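Here is start-v4.txt, consisting of compact mmCIF, C-alpha atoms:
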```txt
# COMPACT_ATOMS: atom_id res chain seq x y z
CA MET B 477 -151.61 -139.06 95.62
CA SER B 478 -155.20 -138.23 94.78
CA GLU B 479 -156.04 -136.42 91.56
CA GLY B 480 -158.61 -133.82 90.49
CA MET B 481 -160.38 -131.57 92.98
CA GLN B 482 -159.57 -133.91 95.85
CA GLY B 483 -155.93 -133.64 94.86
CA ILE B 484 -156.07 -129.83 95.05
CA VAL B 485 -157.60 -129.89 98.51
CA ALA B 486 -155.13 -132.55 99.70
CA ASP B 487 -152.11 -130.67 98.27
CA TRP B 488 -153.08 -127.26 99.63
CA SER B 489 -154.03 -128.56 103.07
CA SER B 490 -150.93 -130.69 103.47
CA ASP B 491 -148.08 -129.60 105.73
CA GLN B 492 -144.98 -127.82 104.43
CA ARG B 493 -145.45 -128.20 100.74
CA ALA B 494 -148.39 -127.39 98.49
CA PHE B 495 -146.74 -128.03 95.12
CA LYS B 496 -146.02 -131.76 95.04
CA LYS B 497 -143.55 -133.26 92.57
CA VAL B 498 -142.26 -129.77 91.77
CA PRO B 499 -138.83 -128.62 92.96
CA TRP B 500 -138.82 -125.44 95.06
CA GLY B 501 -136.98 -123.40 92.43
CA LYS B 502 -139.43 -124.40 89.72
CA ALA B 503 -142.47 -123.39 91.77
CA MET B 504 -140.82 -120.03 92.44
CA MET B 505 -140.06 -119.56 88.75
CA TRP B 506 -143.75 -120.16 87.99
CA ILE B 507 -144.73 -117.54 90.59
CA PHE B 508 -142.27 -115.09 89.05
CA LEU B 509 -143.64 -115.78 85.57
CA LEU B 510 -147.16 -115.13 86.87
CA SER B 511 -146.04 -111.71 88.13
CA ASP B 512 -144.32 -111.06 84.79
CA THR B 513 -147.57 -111.98 83.04
CA PHE B 514 -149.25 -109.19 84.99
CA ILE B 515 -146.56 -106.70 83.93
CA PHE B 516 -146.79 -107.56 80.24
CA THR B 517 -150.59 -107.64 80.30
CA SER B 518 -150.56 -104.19 81.89
CA PHE B 519 -148.40 -102.92 79.02
CA LEU B 520 -150.61 -104.53 76.40
CA THR B 521 -153.75 -103.25 78.13
CA SER B 522 -152.44 -99.68 78.23
CA TYR B 523 -151.57 -100.05 74.55
CA MET B 524 -155.14 -101.20 73.89
CA THR B 525 -156.49 -98.23 75.84
CA VAL B 526 -154.49 -95.58 73.96
CA ARG B 527 -155.16 -97.21 70.60
CA MET B 528 -158.92 -97.41 71.22
CA SER B 529 -159.21 -93.87 72.56
CA THR B 530 -157.15 -91.92 70.03
CA THR B 531 -159.02 -89.93 67.40
CA VAL B 532 -156.00 -89.94 65.08
CA PRO B 533 -155.63 -93.01 62.78
CA TRP B 534 -153.21 -95.67 64.04
CA PRO B 535 -150.16 -96.29 61.79
CA ASN B 536 -150.57 -99.51 59.78
CA PRO B 537 -148.03 -101.93 61.31
CA SER B 538 -148.11 -104.07 58.18
CA GLU B 539 -146.64 -101.13 56.24
CA VAL B 540 -144.45 -99.69 59.01
CA PHE B 541 -142.61 -102.98 59.43
CA ALA B 542 -142.39 -103.87 55.74
CA LEU B 543 -139.01 -104.44 54.15
CA THR B 544 -137.86 -104.33 50.56
CA ILE B 545 -135.75 -107.41 49.89
CA ALA B 546 -134.18 -107.88 46.43
CA GLY B 547 -136.66 -105.45 44.93
CA HIS B 548 -139.72 -107.08 46.50
CA HIS B 549 -141.82 -105.15 48.98
CA ILE B 550 -142.82 -107.68 51.65
CA PRO B 551 -145.09 -106.61 54.54
CA LEU B 552 -144.11 -107.46 58.12
CA ILE B 553 -141.37 -109.85 56.93
CA LEU B 554 -138.77 -109.02 59.58
CA ILE B 555 -141.29 -109.64 62.35
CA ALA B 556 -142.27 -112.97 60.79
CA ILE B 557 -138.61 -114.06 60.67
CA MET B 558 -138.16 -112.98 64.31
CA THR B 559 -141.21 -115.04 65.25
CA PHE B 560 -139.86 -118.17 63.56
CA ILE B 561 -136.47 -117.67 65.21
CA LEU B 562 -137.98 -117.37 68.67
CA ILE B 563 -140.14 -120.47 68.13
CA SER B 564 -137.09 -122.42 66.97
CA SER B 565 -135.23 -121.32 70.09
CA SER B 566 -138.15 -122.65 72.16
CA GLY B 567 -137.88 -125.99 70.36
CA THR B 568 -134.16 -126.35 71.06
CA MET B 569 -134.74 -125.26 74.66
CA ALA B 570 -137.39 -127.93 75.23
CA MET B 571 -134.98 -130.57 73.93
CA ALA B 572 -132.18 -129.23 76.13
CA VAL B 573 -134.42 -129.85 79.14
CA LYS B 574 -135.08 -133.40 77.99
CA PHE B 575 -131.38 -134.18 77.47
CA GLY B 576 -130.64 -132.51 80.79
CA TYR B 577 -132.81 -134.97 82.70
CA GLU B 578 -131.06 -137.78 80.80
CA LYS B 579 -127.80 -136.31 82.12
CA ASN B 580 -126.49 -135.99 78.58
CA LYS B 581 -124.09 -133.10 79.19
CA LYS B 582 -122.89 -132.55 75.64
CA MET B 583 -126.31 -132.42 74.00
CA THR B 584 -127.74 -130.24 76.78
CA ALA B 585 -124.93 -127.68 76.59
CA PHE B 586 -124.99 -127.74 72.78
CA LEU B 587 -128.75 -127.12 72.64
CA LEU B 588 -128.51 -124.38 75.28
CA VAL B 589 -125.85 -122.61 73.21
CA VAL B 590 -127.98 -122.97 70.05
CA THR B 591 -130.92 -121.48 71.97
CA ALA B 592 -128.71 -118.59 73.12
CA LEU B 593 -127.59 -117.96 69.54
CA PHE B 594 -131.20 -117.86 68.32
CA GLY B 595 -131.98 -115.45 71.16
CA ALA B 596 -129.00 -113.23 70.34
CA SER B 597 -129.98 -113.09 66.66
CA PHE B 598 -133.51 -112.13 67.72
CA VAL B 599 -132.15 -109.21 69.77
CA GLY B 600 -129.91 -108.25 66.84
CA MET B 601 -132.90 -108.09 64.50
CA GLN B 602 -134.77 -106.05 67.04
CA ALA B 603 -131.86 -103.59 67.20
CA PHE B 604 -132.04 -103.36 63.39
CA GLU B 605 -135.79 -102.78 63.56
CA TRP B 606 -135.46 -100.04 66.20
CA THR B 607 -132.70 -98.33 64.21
CA LYS B 608 -134.81 -98.38 61.05
CA LEU B 609 -137.81 -96.94 62.89
CA ILE B 610 -135.90 -94.24 64.76
CA VAL B 611 -133.45 -93.15 62.05
CA ASP B 612 -135.31 -93.75 58.78
CA GLU B 613 -138.97 -93.38 59.76
CA GLY B 614 -138.60 -90.74 62.48
CA VAL B 615 -140.63 -92.61 65.10
CA ARG B 616 -140.27 -91.09 68.59
CA PRO B 617 -142.02 -91.93 71.88
CA TRP B 618 -143.90 -88.63 71.60
CA GLY B 619 -144.83 -88.74 67.92
CA ASN B 620 -144.29 -90.06 64.43
CA PRO B 621 -145.04 -88.99 60.85
CA MET B 622 -147.46 -91.89 60.17
CA GLY B 623 -150.30 -91.24 62.61
CA ALA B 624 -151.26 -91.49 66.27
CA ALA B 625 -148.50 -90.22 68.58
CA GLN B 626 -149.08 -93.08 71.04
CA PHE B 627 -147.70 -95.59 68.52
CA GLY B 628 -144.08 -94.83 69.39
CA SER B 629 -144.40 -94.95 73.17
CA SER B 630 -146.37 -98.22 73.04
CA PHE B 631 -143.93 -99.77 70.60
CA PHE B 632 -140.74 -98.83 72.46
CA MET B 633 -142.17 -99.75 75.85
CA ILE B 634 -143.55 -103.16 74.87
CA THR B 635 -140.85 -104.42 72.49
CA GLY B 636 -138.14 -102.82 74.62
CA PHE B 637 -139.25 -104.64 77.74
CA HIS B 638 -139.56 -107.88 75.81
CA GLY B 639 -136.14 -107.44 74.20
CA PHE B 640 -134.68 -106.83 77.66
CA HIS B 641 -136.18 -110.14 78.79
CA VAL B 642 -134.64 -111.92 75.80
CA SER B 643 -131.23 -110.35 76.51
CA VAL B 644 -131.29 -111.43 80.15
CA GLY B 645 -132.39 -114.88 78.99
CA VAL B 646 -129.42 -115.15 76.61
CA ILE B 647 -127.01 -114.30 79.44
CA PHE B 648 -128.52 -116.92 81.72
CA LEU B 649 -128.62 -119.51 78.91
CA ILE B 650 -124.86 -119.09 78.54
CA ILE B 651 -124.37 -119.31 82.31
CA THR B 652 -126.48 -122.49 82.41
CA ALA B 653 -124.56 -123.98 79.47
CA ILE B 654 -121.25 -123.32 81.26
CA LYS B 655 -122.60 -124.98 84.42
CA VAL B 656 -123.72 -128.02 82.44
CA ILE B 657 -120.50 -128.54 80.51
CA ARG B 658 -118.32 -127.91 83.59
CA GLY B 659 -120.19 -130.69 85.38
CA ASP B 660 -121.60 -128.43 88.12
CA LEU B 661 -124.95 -130.20 87.94
CA ASP B 662 -123.41 -133.67 88.30
CA ASN B 663 -121.10 -132.57 91.14
CA GLU B 664 -123.80 -130.52 92.91
CA ARG B 665 -121.50 -127.51 92.94
CA PRO B 666 -123.22 -124.56 94.71
CA GLY B 667 -124.47 -121.80 92.42
CA PHE B 668 -122.71 -118.41 92.43
CA MET B 669 -125.90 -116.49 93.18
CA THR B 670 -128.00 -118.70 95.37
CA GLY B 671 -125.46 -121.12 96.78
CA ARG B 672 -127.91 -123.95 96.14
CA LYS B 673 -126.62 -127.32 94.95
CA GLY B 674 -126.40 -127.75 91.20
CA LYS B 675 -129.14 -130.02 89.82
CA TYR B 676 -130.51 -130.70 86.36
CA GLU B 677 -133.80 -129.10 87.35
CA ILE B 678 -132.14 -125.69 86.79
CA VAL B 679 -132.18 -126.46 83.05
CA GLU B 680 -135.94 -126.91 83.23
CA ILE B 681 -136.31 -123.71 85.30
CA MET B 682 -134.23 -121.87 82.70
CA GLY B 683 -136.51 -123.42 80.07
CA LEU B 684 -139.66 -122.12 81.78
CA TYR B 685 -138.28 -118.58 81.63
CA TRP B 686 -137.26 -118.96 77.99
CA HIS B 687 -140.61 -120.42 76.88
CA PHE B 688 -142.32 -117.57 78.70
CA VAL B 689 -140.35 -115.05 76.64
CA ASP B 690 -141.59 -116.86 73.52
CA LEU B 691 -145.12 -116.89 74.95
CA VAL B 692 -145.10 -113.12 75.48
CA TRP B 693 -143.92 -112.66 71.90
CA VAL B 694 -146.93 -114.65 70.66
CA PHE B 695 -149.21 -112.06 72.27
CA ILE B 696 -147.13 -109.05 71.14
CA PHE B 697 -147.07 -110.44 67.59
CA ALA B 698 -150.84 -110.87 67.57
CA PHE B 699 -151.87 -107.62 69.25
CA PHE B 700 -149.20 -105.14 68.20
CA TYR B 701 -148.04 -106.29 64.79
CA LEU B 702 -151.04 -108.10 63.30
CA TRP B 703 -154.02 -106.23 64.78
CA MET C 1229 -141.59 -141.46 86.42
CA ALA C 1230 -142.75 -142.45 89.86
CA HIS C 1231 -139.56 -141.60 91.72
CA THR C 1232 -138.20 -138.77 89.61
CA GLU C 1233 -139.19 -135.14 89.98
CA GLY C 1234 -138.04 -134.35 86.45
CA GLN C 1235 -140.17 -134.20 83.33
CA GLN C 1236 -139.26 -136.91 80.83
CA HIS C 1237 -141.11 -137.25 77.58
CA PRO C 1238 -140.20 -138.67 74.16
CA ILE C 1239 -138.35 -136.19 71.97
CA SER C 1240 -140.84 -136.66 69.12
CA ILE C 1241 -143.50 -134.66 71.01
CA TYR C 1242 -141.21 -131.60 71.02
CA PHE C 1243 -140.59 -131.91 67.29
CA TRP C 1244 -144.33 -132.20 66.64
CA ILE C 1245 -145.15 -129.12 68.70
CA TRP C 1246 -142.25 -127.22 67.14
CA GLY C 1247 -143.62 -127.99 63.67
CA LEU C 1248 -147.15 -127.14 64.74
CA LEU C 1249 -146.02 -123.76 66.11
CA PHE C 1250 -144.28 -123.08 62.79
CA VAL C 1251 -147.45 -123.85 60.86
CA LEU C 1252 -149.63 -121.75 63.18
CA SER C 1253 -147.18 -118.83 62.93
CA ALA C 1254 -147.23 -119.13 59.15
CA PHE C 1255 -151.06 -119.01 59.28
CA SER C 1256 -150.91 -115.89 61.49
CA TYR C 1257 -148.59 -114.25 59.00
CA MET C 1258 -150.84 -115.21 56.09
CA VAL C 1259 -153.72 -113.40 57.80
CA ASP C 1260 -151.76 -110.19 57.28
CA TYR C 1261 -150.25 -111.14 53.93
CA LEU C 1262 -153.63 -111.98 52.39
CA HIS C 1263 -155.16 -108.77 53.81
CA PHE C 1264 -158.02 -110.34 55.74
CA GLN C 1265 -159.94 -107.51 57.40
CA GLY C 1266 -162.58 -106.93 60.05
CA TYR C 1267 -163.99 -109.62 62.30
CA LEU C 1268 -162.50 -112.50 60.28
CA ARG C 1269 -159.01 -111.01 60.78
CA TRP C 1270 -159.47 -110.50 64.52
CA PHE C 1271 -161.01 -113.94 64.99
CA LEU C 1272 -158.17 -115.69 63.14
CA ILE C 1273 -155.44 -113.68 64.92
CA ILE C 1274 -156.86 -114.57 68.35
CA LEU C 1275 -157.51 -118.19 67.38
CA PHE C 1276 -153.92 -118.81 66.21
CA MET C 1277 -152.54 -116.83 69.16
CA LEU C 1278 -154.45 -118.87 71.74
CA LEU C 1279 -153.53 -122.17 70.05
CA LYS C 1280 -149.84 -121.24 70.04
CA ALA C 1281 -149.94 -120.01 73.64
CA GLY C 1282 -151.75 -123.17 74.70
CA PHE C 1283 -149.23 -125.52 73.08
CA ILE C 1284 -146.28 -123.61 74.53
CA VAL C 1285 -147.67 -123.66 78.06
CA ALA C 1286 -149.08 -127.19 77.95
CA ILE C 1287 -146.22 -129.04 76.24
CA PHE C 1288 -143.03 -126.95 76.26
CA MET C 1289 -143.63 -125.70 79.81
CA HIS C 1290 -144.96 -129.14 80.84
CA MET C 1291 -148.12 -127.68 82.36
CA ARG C 1292 -150.31 -130.62 81.31
CA TRP C 1293 -148.16 -133.01 83.34
CA GLU C 1294 -148.18 -130.88 86.51
CA ARG C 1295 -150.53 -131.46 89.39
CA LEU C 1296 -153.79 -129.54 89.37
CA ALA C 1297 -152.80 -127.58 92.51
CA LEU C 1298 -149.96 -125.85 90.60
CA VAL C 1299 -151.93 -125.47 87.36
CA CYS C 1300 -154.74 -123.67 89.20
CA ALA C 1301 -152.36 -121.51 91.25
CA ILE C 1302 -150.78 -120.19 88.04
CA LEU C 1303 -153.66 -120.07 85.58
CA ILE C 1304 -156.61 -118.86 87.68
CA PRO C 1305 -155.04 -115.52 88.82
CA THR C 1306 -154.65 -114.52 85.16
CA GLY C 1307 -158.45 -114.31 85.09
CA ALA C 1308 -158.09 -111.02 87.02
CA LEU C 1309 -156.34 -109.67 83.93
CA LEU C 1310 -159.43 -110.33 81.82
CA VAL C 1311 -161.37 -108.11 84.23
CA LEU C 1312 -158.72 -105.38 83.84
CA ILE C 1313 -158.90 -105.65 80.04
CA GLY C 1314 -162.70 -105.47 80.13
CA LEU C 1315 -162.74 -102.41 82.40
CA MET C 1316 -160.08 -100.58 80.37
CA ALA C 1317 -161.92 -101.33 77.12
CA ILE C 1318 -165.03 -99.65 78.54
CA GLU C 1319 -162.93 -96.73 79.79
CA ALA C 1320 -161.16 -96.33 76.44
CA ASP C 1321 -164.48 -96.37 74.64
CA TYR C 1322 -165.74 -93.60 76.90
CA THR C 1323 -162.54 -91.53 76.40
CA PHE C 1324 -162.94 -91.88 72.64
CA PHE C 1325 -166.57 -90.79 72.92
CA THR C 1326 -165.74 -87.66 74.96
CA ARG C 1327 -162.86 -86.77 72.64
CA GLY C 1328 -165.29 -87.04 69.75
CA ILE C 1329 -167.48 -84.46 71.47
CA PHE C 1330 -164.79 -82.00 72.55
CA PHE C 1331 -162.29 -82.25 69.68
CA GLY C 1332 -164.94 -82.49 66.98
CA ALA C 1333 -164.86 -85.21 64.36
CA GLY C 1334 -161.11 -85.18 63.82
```

How does this structure look as structure tokens?
Amino acid sequence: MSEGMQGIVADWSSDQRAFKKVPWGKAMMWIFLLSDTFIFTSFLTSYMTVRMSTTVPWPNPSEVFALTIAGHHIPLILIAIMTFILISSSGTMAMAVKFGYEKNKKMTAFLLVVTALFGASFVGMQAFEWTKLIVDEGVRPWGNPMGAAQFGSSFFMITGFHGFHVSVGVIFLIITAIKVIRGDLDNERPGFMTGRKGKYEIVEIMGLYWHFVDLVWVFIFAFFYLW
Amino acid sequence: MAHTEGQQHPISIYFWIWGLLFVLSAFSYMVDYLHFQGYLRWFLIILFMLLKAGFIVAIFMHMRWERLALVCAILIPTGALLVLIGLMAIEADYTFFTRGIFFGAG
């Protein structure tokens, strides 16, 4: 197959299939992730718009998300820990994909479960963070004691939607791990939702979704928490 | 690789990228911890963010090993988002300006 610009023209003008060397499900996952990118960028853009246009000072996220641990006041520490956890989960996920293509069932399932545990602990920390903000700091979607009222609505909308993505990811990681360990992917057992034959490419498709969740967090971390 | 559709790469590359993402995240955190302000802060935040995003997409999501037809189909449409961000930044600036006039300097 030709590469470069000629490759693009050849791929797109060929019959039946534009995305060569990519399984159907994986191409569709990429398309879904592209649409999800638009959703998250719309959230972040609306956050940018309200933050730029408000005449009231924006609450300092470094202080809002600070924790006092063993007598030390550390800014933004919980968010930093959450970031490292999500990155670690991405690392284990990438290795699960690798072991999946080697048809190493035990390692794949083990790494998928580790990834799910990282994801679950991330959601747990987020629940802690939300509780602290709502109960202790009095942050509401329509206002807060620290500054601009738009802080709460932006925060709950963006982190809530991201946390929902992580939660769904954890559920599907467990489903994928069960499929792997049960041998569904070796026996080509049809999936319960799609009825398509089980193949190890579903581990990579799962991985794309999971890495995307990490990717979105990179942008939320930069624009919401650090800015 | 010729006959497989799967992505197979040595495990060391994932460990390297994992470590690199850890270091870059630590740098991002230090930007806040060391209280960098103004343009230096914004520049560093965006630099580390783009590096992290790039490594995740290119290596973890295997984008650099995909064919150009798929890479373009996914990456080029996101350019429309830059236009949206640009337009909304102008709009937000204008809203801020009019609020300054009508609400007074408060």

Non-local contacts of Asn663 (chain B) (10 Å; all atoms listed in the file; under 4 positions in same chain excluded) as a ChimeraX atom specification:
/B:658-659,673-675

Those residues with C-alpha atoms, as a PDB file, in the coordinates of the input please?
```pdb
ATOM      1  CA  ARG B 658    -118.320-127.910  83.590  1.00  0.00           C
ATOM      2  CA  GLY B 659    -120.190-130.690  85.380  1.00  0.00           C
ATOM      3  CA  LYS B 673    -126.620-127.320  94.950  1.00  0.00           C
ATOM      4  CA  GLY B 674    -126.400-127.750  91.200  1.00  0.00           C
ATOM      5  CA  LYS B 675    -129.140-130.020  89.820  1.00  0.00           C
TER       6      LYS B 675
END
```

Considering all atoms listed in the file, extract the chain C residues located within 7 Å of chain B and return them as a list in words.
Glu1233, Gly1234, Gln1236, Ile1239, Tyr1242, Trp1246, Phe1250, Tyr1257, Asp1260, Tyr1261, Trp1270, Ile1273, Met1277, Ala1281, Ile1284, Phe1288, Met1289, Leu1296, Ala1297, Leu1298, Ile1302, Ile1313, Met1316, Ala1317, Ala1320, Asp1321, Thr1323, Phe1324 and Gly1334 of chain C

Every residue with an atom at most 12 Å from (-121.7, -126.9, 81.7) (file coordinates; only C-alpha atoms) is what I'm after, so could you write them as a PyMOL selection string?
chain B and resi 576+579-589+649-665+674-676+678-679

Create the file for the chosen residues now, containing C-alpha atoms and written as a PDB file, in the frame of the given file.
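Writing the result to out.pdb gives the following:
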```
ATOM      1  CA  GLY B 576    -130.640-132.510  80.790  1.00  0.00           C
ATOM      2  CA  LYS B 579    -127.800-136.310  82.120  1.00  0.00           C
ATOM      3  CA  ASN B 580    -126.490-135.990  78.580  1.00  0.00           C
ATOM      4  CA  LYS B 581    -124.090-133.100  79.190  1.00  0.00           C
ATOM      5  CA  LYS B 582    -122.890-132.550  75.640  1.00  0.00           C
ATOM      6  CA  MET B 583    -126.310-132.420  74.000  1.00  0.00           C
ATOM      7  CA  THR B 584    -127.740-130.240  76.780  1.00  0.00           C
ATOM      8  CA  ALA B 585    -124.930-127.680  76.590  1.00  0.00           C
ATOM      9  CA  PHE B 586    -124.990-127.740  72.780  1.00  0.00           C
ATOM     10  CA  LEU B 587    -128.750-127.120  72.640  1.00  0.00           C
ATOM     11  CA  LEU B 588    -128.510-124.380  75.280  1.00  0.00           C
ATOM     12  CA  VAL B 589    -125.850-122.610  73.210  1.00  0.00           C
ATOM     13  CA  LEU B 649    -128.620-119.510  78.910  1.00  0.00           C
ATOM     14  CA  ILE B 650    -124.860-119.090  78.540  1.00  0.00           C
ATOM     15  CA  ILE B 651    -124.370-119.310  82.310  1.00  0.00           C
ATOM     16  CA  THR B 652    -126.480-122.490  82.410  1.00  0.00           C
ATOM     17  CA  ALA B 653    -124.560-123.980  79.470  1.00  0.00           C
ATOM     18  CA  ILE B 654    -121.250-123.320  81.260  1.00  0.00           C
ATOM     19  CA  LYS B 655    -122.600-124.980  84.420  1.00  0.00           C
ATOM     20  CA  VAL B 656    -123.720-128.020  82.440  1.00  0.00           C
ATOM     21  CA  ILE B 657    -120.500-128.540  80.510  1.00  0.00           C
ATOM     22  CA  ARG B 658    -118.320-127.910  83.590  1.00  0.00           C
ATOM     23  CA  GLY B 659    -120.190-130.690  85.380  1.00  0.00           C
ATOM     24  CA  ASP B 660    -121.600-128.430  88.120  1.00  0.00           C
ATOM     25  CA  LEU B 661    -124.950-130.200  87.940  1.00  0.00           C
ATOM     26  CA  ASP B 662    -123.410-133.670  88.300  1.00  0.00           C
ATOM     27  CA  ASN B 663    -121.100-132.570  91.140  1.00  0.00           C
ATOM     28  CA  GLU B 664    -123.800-130.520  92.910  1.00  0.00           C
ATOM     29  CA  ARG B 665    -121.500-127.510  92.940  1.00  0.00           C
ATOM     30  CA  GLY B 674    -126.400-127.750  91.200  1.00  0.00           C
ATOM     31  CA  LYS B 675    -129.140-130.020  89.820  1.00  0.00           C
ATOM     32  CA  TYR B 676    -130.510-130.700  86.360  1.00  0.00           C
ATOM     33  CA  ILE B 678    -132.140-125.690  86.790  1.00  0.00           C
ATOM     34  CA  VAL B 679    -132.180-126.460  83.050  1.00  0.00           C
TER      35      VAL B 679
END
```

Can you work out the spacing between CA of Ala592 (chain B) and CA of Gly636 (chain B) in Å, to one decimal?
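Straight-line distance from CA of Ala592 (chain B) to CA of Gly636 (chain B) works out to 18.4 Å.
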
Please provide as a list in words all residues within 9 Å of Ile634 (chain B), with the sequence filter that same-chain residues fewer than 3 positions apart are discarded (counting all atoms listed in the file).
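Here the qualifying residues turn out to be Phe516, Phe519, Leu520, Tyr523, Ser629, Ser630, Phe631, Phe637, His638, Gly639, Ile696 and Phe700 of chain B.
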
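The interatomic distance for the pair CA of Val689 (chain B) and CA of Trp1293 (chain C) works out to 20.7 Å.
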
I'd like the interatomic distance between CA of Lys608 (chain B) and CA of Leu1249 (chain C), to a tenth of an Å.
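Result for CA of Lys608 (chain B) versus CA of Leu1249 (chain C): 28.2 Å, one decimal.
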
With all atoms of region 646-650 of chain B from the file as input, state the centre and edge lengths in Å to one decimal of the axis-aligned box that has 3 Å extra on each side, as AutoDock Vina command-line options.
```
--center_x -127.1 --center_y -116.9 --center_z 79.2 --size_x 10.6 --size_y 11.2 --size_z 11.1
```

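Between Met1258 (chain C) and the candidates C:Leu1272, C:Ile1245, C:Leu1312, C:Met1291, the tightest atom-to-atom separation, counting all atoms listed in the file, involves C:Leu1272.
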
Can you patch up region 593-611 of chain B, filling it in to N, CA and C atoms, and show the result as a PDB file, keeping the file's coordinate frame?
```pdb
ATOM      1  N   LEU B 593    -127.899-118.603  70.823  1.00  0.00           N
ATOM      2  CA  LEU B 593    -127.590-117.960  69.540  1.00  0.00           C
ATOM      3  C   LEU B 593    -128.856-117.467  68.836  1.00  0.00           C
ATOM      4  N   PHE B 594    -129.909-118.308  68.861  1.00  0.00           N
ATOM      5  CA  PHE B 594    -131.200-117.860  68.320  1.00  0.00           C
ATOM      6  C   PHE B 594    -131.654-116.594  69.032  1.00  0.00           C
ATOM      7  N   GLY B 595    -131.551-116.610  70.365  1.00  0.00           N
ATOM      8  CA  GLY B 595    -131.980-115.450  71.160  1.00  0.00           C
ATOM      9  C   GLY B 595    -131.183-114.217  70.804  1.00  0.00           C
ATOM     10  N   ALA B 596    -129.861-114.376  70.664  1.00  0.00           N
ATOM     11  CA  ALA B 596    -129.000-113.230  70.340  1.00  0.00           C
ATOM     12  C   ALA B 596    -129.346-112.678  68.959  1.00  0.00           C
ATOM     13  N   SER B 597    -129.638-113.580  68.001  1.00  0.00           N
ATOM     14  CA  SER B 597    -129.980-113.090  66.660  1.00  0.00           C
ATOM     15  C   SER B 597    -131.320-112.367  66.692  1.00  0.00           C
ATOM     16  N   PHE B 598    -132.220-112.825  67.568  1.00  0.00           N
ATOM     17  CA  PHE B 598    -133.510-112.130  67.720  1.00  0.00           C
ATOM     18  C   PHE B 598    -133.274-110.695  68.202  1.00  0.00           C
ATOM     19  N   VAL B 599    -132.433-110.555  69.243  1.00  0.00           N
ATOM     20  CA  VAL B 599    -132.150-109.210  69.770  1.00  0.00           C
ATOM     21  C   VAL B 599    -131.465-108.360  68.707  1.00  0.00           C
ATOM     22  N   GLY B 600    -130.579-108.985  67.915  1.00  0.00           N
ATOM     23  CA  GLY B 600    -129.910-108.250  66.840  1.00  0.00           C
ATOM     24  C   GLY B 600    -130.903-107.701  65.835  1.00  0.00           C
ATOM     25  N   MET B 601    -131.892-108.546  65.454  1.00  0.00           N
ATOM     26  CA  MET B 601    -132.900-108.090  64.500  1.00  0.00           C
ATOM     27  C   MET B 601    -133.750-106.981  65.092  1.00  0.00           C
ATOM     28  N   GLN B 602    -133.986-107.092  66.392  1.00  0.00           N
ATOM     29  CA  GLN B 602    -134.770-106.050  67.040  1.00  0.00           C
ATOM     30  C   GLN B 602    -133.999-104.724  67.031  1.00  0.00           C
ATOM     31  N   ALA B 603    -132.688-104.798  67.248  1.00  0.00           N
ATOM     32  CA  ALA B 603    -131.860-103.590  67.200  1.00  0.00           C
ATOM     33  C   ALA B 603    -131.940-102.969  65.807  1.00  0.00           C
ATOM     34  N   PHE B 604    -131.908-103.828  64.780  1.00  0.00           N
ATOM     35  CA  PHE B 604    -132.040-103.360  63.390  1.00  0.00           C
ATOM     36  C   PHE B 604    -133.383-102.671  63.181  1.00  0.00           C
ATOM     37  N   GLU B 605    -134.443-103.307  63.710  1.00  0.00           N
ATOM     38  CA  GLU B 605    -135.790-102.780  63.560  1.00  0.00           C
ATOM     39  C   GLU B 605    -135.929-101.418  64.248  1.00  0.00           C
ATOM     40  N   TRP B 606    -135.393-101.313  65.461  1.00  0.00           N
ATOM     41  CA  TRP B 606    -135.460-100.040  66.200  1.00  0.00           C
ATOM     42  C   TRP B 606    -134.702 -98.961  65.434  1.00  0.00           C
ATOM     43  N   THR B 607    -133.509 -99.309  64.937  1.00  0.00           N
ATOM     44  CA  THR B 607    -132.700 -98.330  64.210  1.00  0.00           C
ATOM     45  C   THR B 607    -133.457 -97.821  62.991  1.00  0.00           C
ATOM     46  N   LYS B 608    -134.051 -98.757  62.248  1.00  0.00           N
ATOM     47  CA  LYS B 608    -134.810 -98.380  61.050  1.00  0.00           C
ATOM     48  C   LYS B 608    -135.947 -97.425  61.418  1.00  0.00           C
ATOM     49  N   LEU B 609    -136.662 -97.751  62.487  1.00  0.00           N
ATOM     50  CA  LEU B 609    -137.810 -96.940  62.890  1.00  0.00           C
ATOM     51  C   LEU B 609    -137.392 -95.553  63.387  1.00  0.00           C
ATOM     52  N   ILE B 610    -136.309 -95.522  64.168  1.00  0.00           N
ATOM     53  CA  ILE B 610    -135.900 -94.240  64.760  1.00  0.00           C
ATOM     54  C   ILE B 610    -135.220 -93.358  63.710  1.00  0.00           C
ATOM     55  N   VAL B 611    -134.269 -93.943  62.962  1.00  0.00           N
ATOM     56  CA  VAL B 611    -133.450 -93.150  62.050  1.00  0.00           C
ATOM     57  C   VAL B 611    -134.172 -92.867  60.733  1.00  0.00           C
TER      58      VAL B 611
END
```
